[in-house]
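Novice: File entry-v7.pdb below, PDB, N, CA and C atoms:
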ATOM      1  N   MET O   1     119.271  29.578  75.069  1.00  0.00           N
ATOM      2  CA  MET O   1     120.104  30.767  75.234  1.00  0.00           C
ATOM      3  C   MET O   1     120.226  31.539  73.927  1.00  0.00           C
ATOM      4  N   ARG O   2     120.394  30.821  72.819  1.00  0.00           N
ATOM      5  CA  ARG O   2     120.549  31.464  71.519  1.00  0.00           C
ATOM      6  C   ARG O   2     119.312  32.279  71.146  1.00  0.00           C
ATOM      7  N   VAL O   3     118.128  31.742  71.459  1.00  0.00           N
ATOM      8  CA  VAL O   3     116.884  32.461  71.175  1.00  0.00           C
ATOM      9  C   VAL O   3     116.823  33.756  71.967  1.00  0.00           C
ATOM     10  N   LEU O   4     117.240  33.709  73.228  1.00  0.00           N
ATOM     11  CA  LEU O   4     117.222  34.911  74.053  1.00  0.00           C
ATOM     12  C   LEU O   4     118.155  35.985  73.493  1.00  0.00           C
ATOM     13  N   VAL O   5     119.317  35.592  73.030  1.00  0.00           N
ATOM     14  CA  VAL O   5     120.282  36.554  72.480  1.00  0.00           C
ATOM     15  C   VAL O   5     119.737  37.185  71.215  1.00  0.00           C
ATOM     16  N   THR O   6     119.175  36.390  70.313  1.00  0.00           N
ATOM     17  CA  THR O   6     118.663  36.960  69.062  1.00  0.00           C
ATOM     18  C   THR O   6     117.455  37.858  69.323  1.00  0.00           C
ATOM     19  N   GLU O   7     116.593  37.454  70.262  1.00  0.00           N
ATOM     20  CA  GLU O   7     115.449  38.308  70.580  1.00  0.00           C
ATOM     21  C   GLU O   7     115.914  39.607  71.239  1.00  0.00           C
ATOM     22  N   PHE O   8     116.909  39.528  72.097  1.00  0.00           N
ATOM     23  CA  PHE O   8     117.468  40.727  72.718  1.00  0.00           C
ATOM     24  C   PHE O   8     118.025  41.665  71.643  1.00  0.00           C
ATOM     25  N   MET O   9     118.742  41.112  70.676  1.00  0.00           N
ATOM     26  CA  MET O   9     119.300  41.945  69.597  1.00  0.00           C
ATOM     27  C   MET O   9     118.189  42.612  68.793  1.00  0.00           C
ATOM     28  N   ALA O  10     117.099  41.899  68.541  1.00  0.00           N
ATOM     29  CA  ALA O  10     115.974  42.479  67.811  1.00  0.00           C
ATOM     30  C   ALA O  10     115.336  43.609  68.614  1.00  0.00           C
ATOM     31  N   ILE O  11     115.197  43.408  69.915  1.00  0.00           N
ATOM     32  CA  ILE O  11     114.604  44.448  70.766  1.00  0.00           C
ATOM     33  C   ILE O  11     115.493  45.684  70.803  1.00  0.00           C
ATOM     34  N   VAL O  12     116.795  45.495  70.848  1.00  0.00           N
ATOM     35  CA  VAL O  12     117.723  46.630  70.814  1.00  0.00           C
ATOM     36  C   VAL O  12     117.584  47.373  69.486  1.00  0.00           C
ATOM     37  N   ALA O  13     117.467  46.632  68.382  1.00  0.00           N
ATOM     38  CA  ALA O  13     117.301  47.263  67.074  1.00  0.00           C
ATOM     39  C   ALA O  13     116.011  48.073  67.021  1.00  0.00           C
ATOM     40  N   ILE O  14     114.935  47.527  67.568  1.00  0.00           N
ATOM     41  CA  ILE O  14     113.655  48.247  67.584  1.00  0.00           C
ATOM     42  C   ILE O  14     113.787  49.539  68.393  1.00  0.00           C
ATOM     43  N   GLY O  15     114.360  49.441  69.575  1.00  0.00           N
ATOM     44  CA  GLY O  15     114.522  50.627  70.422  1.00  0.00           C
ATOM     45  C   GLY O  15     115.413  51.677  69.784  1.00  0.00           C
ATOM     46  N   ASP O  16     116.530  51.250  69.215  1.00  0.00           N
ATOM     47  CA  ASP O  16     117.442  52.181  68.566  1.00  0.00           C
ATOM     48  C   ASP O  16     116.765  52.839  67.361  1.00  0.00           C
ATOM     49  N   GLY O  17     116.000  52.062  66.617  1.00  0.00           N
ATOM     50  CA  GLY O  17     115.289  52.619  65.466  1.00  0.00           C
ATOM     51  C   GLY O  17     114.275  53.669  65.873  1.00  0.00           C
ATOM     52  N   ILE O  18     113.548  53.412  66.941  1.00  0.00           N
ATOM     53  CA  ILE O  18     112.550  54.378  67.412  1.00  0.00           C
ATOM     54  C   ILE O  18     113.220  55.656  67.910  1.00  0.00           C
ATOM     55  N   VAL O  19     114.301  55.513  68.654  1.00  0.00           N
ATOM     56  CA  VAL O  19     115.019  56.700  69.142  1.00  0.00           C
ATOM     57  C   VAL O  19     115.559  57.508  67.953  1.00  0.00           C
ATOM     58  N   GLY O  20     116.125  56.822  66.959  1.00  0.00           N
ATOM     59  CA  GLY O  20     116.612  57.511  65.769  1.00  0.00           C
ATOM     60  C   GLY O  20     115.502  58.196  64.998  1.00  0.00           C
ATOM     61  N   LEU O  21     114.327  57.592  64.993  1.00  0.00           N
ATOM     62  CA  LEU O  21     113.176  58.172  64.306  1.00  0.00           C
ATOM     63  C   LEU O  21     112.665  59.414  65.022  1.00  0.00           C
ATOM     64  N   LEU O  22     112.563  59.345  66.337  1.00  0.00           N
ATOM     65  CA  LEU O  22     111.984  60.461  67.101  1.00  0.00           C
ATOM     66  C   LEU O  22     112.968  61.579  67.423  1.00  0.00           C
ATOM     67  N   PHE O  23     114.234  61.227  67.648  1.00  0.00           N
ATOM     68  CA  PHE O  23     115.247  62.210  68.061  1.00  0.00           C
ATOM     69  C   PHE O  23     116.522  62.045  67.227  1.00  0.00           C
ATOM     70  N   PRO O  24     116.457  62.266  65.922  1.00  0.00           N
ATOM     71  CA  PRO O  24     117.602  61.928  65.066  1.00  0.00           C
ATOM     72  C   PRO O  24     118.876  62.711  65.369  1.00  0.00           C
ATOM     73  N   VAL O  25     118.777  63.989  65.589  1.00  0.00           N
ATOM     74  CA  VAL O  25     119.990  64.785  65.805  1.00  0.00           C
ATOM     75  C   VAL O  25     120.595  64.493  67.173  1.00  0.00           C
ATOM     76  N   ARG O  26     119.756  64.465  68.190  1.00  0.00           N
ATOM     77  CA  ARG O  26     120.267  64.204  69.539  1.00  0.00           C
ATOM     78  C   ARG O  26     120.904  62.811  69.614  1.00  0.00           C
ATOM     79  N   HIS O  27     120.264  61.836  69.015  1.00  0.00           N
ATOM     80  CA  HIS O  27     120.767  60.461  69.060  1.00  0.00           C
ATOM     81  C   HIS O  27     122.117  60.340  68.351  1.00  0.00           C
ATOM     82  N   THR O  28     122.217  60.879  67.142  1.00  0.00           N
ATOM     83  CA  THR O  28     123.465  60.726  66.386  1.00  0.00           C
ATOM     84  C   THR O  28     124.565  61.654  66.892  1.00  0.00           C
ATOM     85  N   SER O  29     124.206  62.801  67.452  1.00  0.00           N
ATOM     86  CA  SER O  29     125.263  63.681  67.961  1.00  0.00           C
ATOM     87  C   SER O  29     125.937  63.059  69.183  1.00  0.00           C
ATOM     88  N   ARG O  30     125.181  62.310  69.972  1.00  0.00           N
ATOM     89  CA  ARG O  30     125.797  61.594  71.099  1.00  0.00           C
ATOM     90  C   ARG O  30     126.764  60.532  70.593  1.00  0.00           C
ATOM     91  N   LEU O  31     126.396  59.841  69.536  1.00  0.00           N
ATOM     92  CA  LEU O  31     127.257  58.805  68.973  1.00  0.00           C
ATOM     93  C   LEU O  31     128.460  59.409  68.260  1.00  0.00           C
ATOM     94  N   ALA O  32     128.307  60.625  67.721  1.00  0.00           N
ATOM     95  CA  ALA O  32     129.385  61.250  66.960  1.00  0.00           C
ATOM     96  C   ALA O  32     130.546  61.682  67.837  1.00  0.00           C
ATOM     97  N   GLY O  33     130.318  61.835  69.110  1.00  0.00           N
ATOM     98  CA  GLY O  33     131.382  62.289  69.998  1.00  0.00           C
ATOM     99  C   GLY O  33     132.162  61.161  70.649  1.00  0.00           C
ATOM    100  N   GLN O  34     131.908  59.931  70.259  1.00  0.00           N
ATOM    101  CA  GLN O  34     132.570  58.789  70.892  1.00  0.00           C
ATOM    102  C   GLN O  34     133.168  57.872  69.841  1.00  0.00           C
ATOM    103  N   GLY O  35     134.189  57.146  70.232  1.00  0.00           N
ATOM    104  CA  GLY O  35     134.773  56.142  69.358  1.00  0.00           C
ATOM    105  C   GLY O  35     135.875  56.681  68.469  1.00  0.00           C
ATOM    106  N   PRO O  36     136.377  55.833  67.586  1.00  0.00           N
ATOM    107  CA  PRO O  36     137.462  56.237  66.695  1.00  0.00           C
ATOM    108  C   PRO O  36     136.997  57.286  65.683  1.00  0.00           C
ATOM    109  N   GLU O  37     137.939  58.010  65.140  1.00  0.00           N
ATOM    110  CA  GLU O  37     137.636  59.111  64.215  1.00  0.00           C
ATOM    111  C   GLU O  37     136.791  58.677  63.010  1.00  0.00           C
ATOM    112  N   PRO O  38     137.060  57.545  62.367  1.00  0.00           N
ATOM    113  CA  PRO O  38     136.195  57.150  61.236  1.00  0.00           C
ATOM    114  C   PRO O  38     134.721  56.994  61.657  1.00  0.00           C
ATOM    115  N   TRP O  39     134.504  56.453  62.838  1.00  0.00           N
ATOM    116  CA  TRP O  39     133.143  56.306  63.363  1.00  0.00           C
ATOM    117  C   TRP O  39     132.519  57.677  63.590  1.00  0.00           C
ATOM    118  N   GLN O  40     133.281  58.592  64.189  1.00  0.00           N
ATOM    119  CA  GLN O  40     132.766  59.936  64.467  1.00  0.00           C
ATOM    120  C   GLN O  40     132.400  60.656  63.172  1.00  0.00           C
ATOM    121  N   ARG O  41     133.227  60.508  62.147  1.00  0.00           N
ATOM    122  CA  ARG O  41     132.936  61.128  60.846  1.00  0.00           C
ATOM    123  C   ARG O  41     131.633  60.578  60.268  1.00  0.00           C
ATOM    124  N   ALA O  42     131.463  59.261  60.352  1.00  0.00           N
ATOM    125  CA  ALA O  42     130.249  58.636  59.816  1.00  0.00           C
ATOM    126  C   ALA O  42     129.013  59.127  60.575  1.00  0.00           C
ATOM    127  N   MET O  43     129.115  59.243  61.867  1.00  0.00           N
ATOM    128  CA  MET O  43     127.975  59.698  62.672  1.00  0.00           C
ATOM    129  C   MET O  43     127.643  61.161  62.418  1.00  0.00           C
ATOM    130  N   ARG O  44     128.663  61.983  62.122  1.00  0.00           N
ATOM    131  CA  ARG O  44     128.408  63.397  61.817  1.00  0.00           C
ATOM    132  C   ARG O  44     127.568  63.541  60.556  1.00  0.00           C
ATOM    133  N   VAL O  45     127.729  62.631  59.607  1.00  0.00           N
ATOM    134  CA  VAL O  45     126.903  62.665  58.390  1.00  0.00           C
ATOM    135  C   VAL O  45     125.435  62.520  58.767  1.00  0.00           C
ATOM    136  N   PHE O  46     125.143  61.588  59.667  1.00  0.00           N
ATOM    137  CA  PHE O  46     123.757  61.387  60.090  1.00  0.00           C
ATOM    138  C   PHE O  46     123.236  62.568  60.897  1.00  0.00           C
ATOM    139  N   THR O  47     124.093  63.203  61.676  1.00  0.00           N
ATOM    140  CA  THR O  47     123.686  64.374  62.444  1.00  0.00           C
ATOM    141  C   THR O  47     123.297  65.511  61.504  1.00  0.00           C
ATOM    142  N   LYS O  48     124.019  65.646  60.401  1.00  0.00           N
ATOM    143  CA  LYS O  48     123.735  66.714  59.430  1.00  0.00           C
ATOM    144  C   LYS O  48     122.511  66.412  58.567  1.00  0.00           C
ATOM    145  N   HIS O  49     122.094  65.144  58.518  1.00  0.00           N
ATOM    146  CA  HIS O  49     120.968  64.729  57.666  1.00  0.00           C
ATOM    147  C   HIS O  49     119.928  63.965  58.496  1.00  0.00           C
ATOM    148  N   PRO O  50     119.134  64.700  59.300  1.00  0.00           N
ATOM    149  CA  PRO O  50     118.171  64.022  60.169  1.00  0.00           C
ATOM    150  C   PRO O  50     117.107  63.223  59.405  1.00  0.00           C
ATOM    151  N   GLY O  51     116.785  63.629  58.195  1.00  0.00           N
ATOM    152  CA  GLY O  51     115.814  62.869  57.398  1.00  0.00           C
ATOM    153  C   GLY O  51     116.326  61.473  57.078  1.00  0.00           C
ATOM    154  N   LEU O  52     117.611  61.382  56.773  1.00  0.00           N
ATOM    155  CA  LEU O  52     118.234  60.080  56.513  1.00  0.00           C
ATOM    156  C   LEU O  52     118.220  59.234  57.779  1.00  0.00           C
ATOM    157  N   THR O  53     118.516  59.860  58.913  1.00  0.00           N
ATOM    158  CA  THR O  53     118.506  59.149  60.192  1.00  0.00           C
ATOM    159  C   THR O  53     117.108  58.637  60.502  1.00  0.00           C
ATOM    160  N   ARG O  54     116.094  59.453  60.248  1.00  0.00           N
ATOM    161  CA  ARG O  54     114.708  59.016  60.481  1.00  0.00           C
ATOM    162  C   ARG O  54     114.342  57.846  59.576  1.00  0.00           C
ATOM    163  N   ALA O  55     114.718  57.929  58.312  1.00  0.00           N
ATOM    164  CA  ALA O  55     114.417  56.838  57.372  1.00  0.00           C
ATOM    165  C   ALA O  55     115.078  55.540  57.814  1.00  0.00           C
ATOM    166  N   LEU O  56     116.322  55.625  58.229  1.00  0.00           N
ATOM    167  CA  LEU O  56     117.006  54.425  58.709  1.00  0.00           C
ATOM    168  C   LEU O  56     116.388  53.919  60.013  1.00  0.00           C
ATOM    169  N   GLY O  57     115.873  54.829  60.830  1.00  0.00           N
ATOM    170  CA  GLY O  57     115.173  54.426  62.046  1.00  0.00           C
ATOM    171  C   GLY O  57     113.926  53.619  61.734  1.00  0.00           C
ATOM    172  N   VAL O  58     113.195  54.030  60.702  1.00  0.00           N
ATOM    173  CA  VAL O  58     112.006  53.288  60.278  1.00  0.00           C
ATOM    174  C   VAL O  58     112.410  51.896  59.784  1.00  0.00           C
ATOM    175  N   VAL O  59     113.450  51.841  58.970  1.00  0.00           N
ATOM    176  CA  VAL O  59     113.918  50.559  58.441  1.00  0.00           C
ATOM    177  C   VAL O  59     114.401  49.649  59.572  1.00  0.00           C
ATOM    178  N   GLU O  60     115.156  50.209  60.505  1.00  0.00           N
ATOM    179  CA  GLU O  60     115.676  49.420  61.624  1.00  0.00           C
ATOM    180  C   GLU O  60     114.541  48.901  62.515  1.00  0.00           C
ATOM    181  N   THR O  61     113.550  49.739  62.778  1.00  0.00           N
ATOM    182  CA  THR O  61     112.413  49.318  63.587  1.00  0.00           C
ATOM    183  C   THR O  61     111.629  48.213  62.880  1.00  0.00           C
ATOM    184  N   ALA O  62     111.345  48.408  61.610  1.00  0.00           N
ATOM    185  CA  ALA O  62     110.608  47.390  60.845  1.00  0.00           C
ATOM    186  C   ALA O  62     111.396  46.078  60.778  1.00  0.00           C
ATOM    187  N   GLY O  63     112.695  46.180  60.575  1.00  0.00           N
ATOM    188  CA  GLY O  63     113.525  44.978  60.534  1.00  0.00           C
ATOM    189  C   GLY O  63     113.530  44.239  61.857  1.00  0.00           C
ATOM    190  N   GLY O  64     113.618  44.981  62.951  1.00  0.00           N
ATOM    191  CA  GLY O  64     113.586  44.362  64.272  1.00  0.00           C
ATOM    192  C   GLY O  64     112.258  43.688  64.554  1.00  0.00           C
ATOM    193  N   LEU O  65     111.175  44.341  64.165  1.00  0.00           N
ATOM    194  CA  LEU O  65     109.851  43.749  64.363  1.00  0.00           C
ATOM    195  C   LEU O  65     109.677  42.489  63.508  1.00  0.00           C
ATOM    196  N   ALA O  66     110.143  42.544  62.283  1.00  0.00           N
ATOM    197  CA  ALA O  66     110.063  41.364  61.411  1.00  0.00           C
ATOM    198  C   ALA O  66     110.889  40.218  61.978  1.00  0.00           C
ATOM    199  N   TRP O  67     112.041  40.555  62.515  1.00  0.00           N
ATOM    200  CA  TRP O  67     112.921  39.547  63.110  1.00  0.00           C
ATOM    201  C   TRP O  67     112.227  38.851  64.284  1.00  0.00           C
ATOM    202  N   VAL O  68     111.618  39.648  65.173  1.00  0.00           N
ATOM    203  CA  VAL O  68     110.916  39.077  66.323  1.00  0.00           C
ATOM    204  C   VAL O  68     109.721  38.245  65.852  1.00  0.00           C
ATOM    205  N   ALA O  69     108.970  38.744  64.893  1.00  0.00           N
ATOM    206  CA  ALA O  69     107.809  38.013  64.393  1.00  0.00           C
ATOM    207  C   ALA O  69     108.227  36.672  63.782  1.00  0.00           C
ATOM    208  N   ARG O  70     109.320  36.682  63.064  1.00  0.00           N
ATOM    209  CA  ARG O  70     109.810  35.451  62.434  1.00  0.00           C
ATOM    210  C   ARG O  70     110.261  34.440  63.493  1.00  0.00           C
ATOM    211  N   LYS O  71     110.979  34.911  64.481  1.00  0.00           N
ATOM    212  CA  LYS O  71     111.450  34.031  65.559  1.00  0.00           C
ATOM    213  C   LYS O  71     110.270  33.520  66.378  1.00  0.00           C
ATOM    214  N   SER O  72     109.282  34.383  66.640  1.00  0.00           N
ATOM    215  CA  SER O  72     108.128  33.985  67.448  1.00  0.00           C
ATOM    216  C   SER O  72     107.302  32.923  66.752  1.00  0.00           C
ATOM    217  N   SER O  73     107.193  32.991  65.420  1.00  0.00           N
ATOM    218  CA  SER O  73     106.388  32.003  64.700  1.00  0.00           C
ATOM    219  C   SER O  73     107.042  30.627  64.722  1.00  0.00           C
ATOM    220  N   ARG O  74     108.345  30.562  64.868  1.00  0.00           N
ATOM    221  CA  ARG O  74     109.052  29.284  64.941  1.00  0.00           C
ATOM    222  C   ARG O  74     108.902  28.608  66.293  1.00  0.00           C
ATOM    223  N   VAL O  75     108.672  29.396  67.335  1.00  0.00           N
ATOM    224  CA  VAL O  75     108.591  28.856  68.692  1.00  0.00           C
ATOM    225  C   VAL O  75     107.292  28.098  68.898  1.00  0.00           C
ATOM    226  N   ARG O  76     106.233  28.540  68.290  1.00  0.00           N
ATOM    227  CA  ARG O  76     104.907  27.929  68.489  1.00  0.00           C
ATOM    228  C   ARG O  76     104.916  26.567  67.999  1.00  0.00           C
TER     229      ARG O  76
END
With the file now loaded, output its structure as structure tokens.

Specialist:
Amino acid sequence: MRVLVTEFMAIVAIGDGIVGLLFPVRHTSRLAGQGPEPWQRAMRVFTKHPGLTRALGVVETAGGLAWVARKSSRVR
């Protein structure tokens, strides 16, 4: 069960990273309109700086892929 949860989290990170990379403003503007005010303020920063959002999307995608690769090598 633990392996499934960690792999699911990695897949979510990969998907979120790709969406942030391809659609940075649309993705963060949706997040900026929800949640507590401190969260909304933080998300507005990313909406105003799509290049930063894209860079973090690349990092998040790479991290998720590395996570899955690391977990997969242990299973064999």

Novice: With 8 Å added on each side, what axis-aligned box encloses every listed atom of stretch 49-66 of chain O? Give the centre and edge lengths in Å to one decimal, as AutoDock Vina command-line options.

Specialist:
--center_x 115.9 --center_y 52.7 --center_z 60.5 --size_x 28.4 --size_y 40.9 --size_z 24.0

Novice: Any idea what's packed within 8 Å of O:Arg44, counting all atoms listed in the file, ignoring anything in its chain fewer than 5 positions away? Could you give it as an MDAnalysis selection string?

Specialist: chainID O and resid 28:29 31:33 38:39 49

Novice: Would you please work out which residue, of O:Leu4, O:Trp67, O:Ala10, O:Pro24, is nearest to O:Leu52 when using only N, CA and C atoms?

Specialist: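 Of all the options, O:Pro24 lies closest to O:Leu52.
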
Novice: Please write the residues picked by the PyMOL selection byres ((chain O and resi 20-22) around 5) on this file as a ChimeraX atom specification.

Specialist: /O:16-19,23-24,53-54,57

Novice: Kindly indicate which residue among O:Gln40, O:Val25, O:Ala13, O:Gly35 lies nearest to O:Val59, using only N, CA and C atoms for the distances.

Specialist: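 Selected residue with least distance to O:Val59: O:Ala13.
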
Novice: Rounded to one decimal in Å, what is the spacing between atom CA of O:Glu60 and atom CA of O:Glu7?

Specialist: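 About the pair atom CA of O:Glu60 and atom CA of O:Glu7: they are 14.3 Å apart.
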
Novice: If you measure from atom CA of O:Val12 to atom CA of O:Thr61, what distance in Å do you get, rounded to one decimal?

Specialist: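 Interatomic distance here is 9.4 Å.
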
Novice: Using Å and a single decimal, report how far atom CA of O:Leu65 sits from atom N of O:Pro36.

Specialist: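 We find that atom N of O:Pro36 and atom CA of O:Leu65 lie 29.3 Å from each other.
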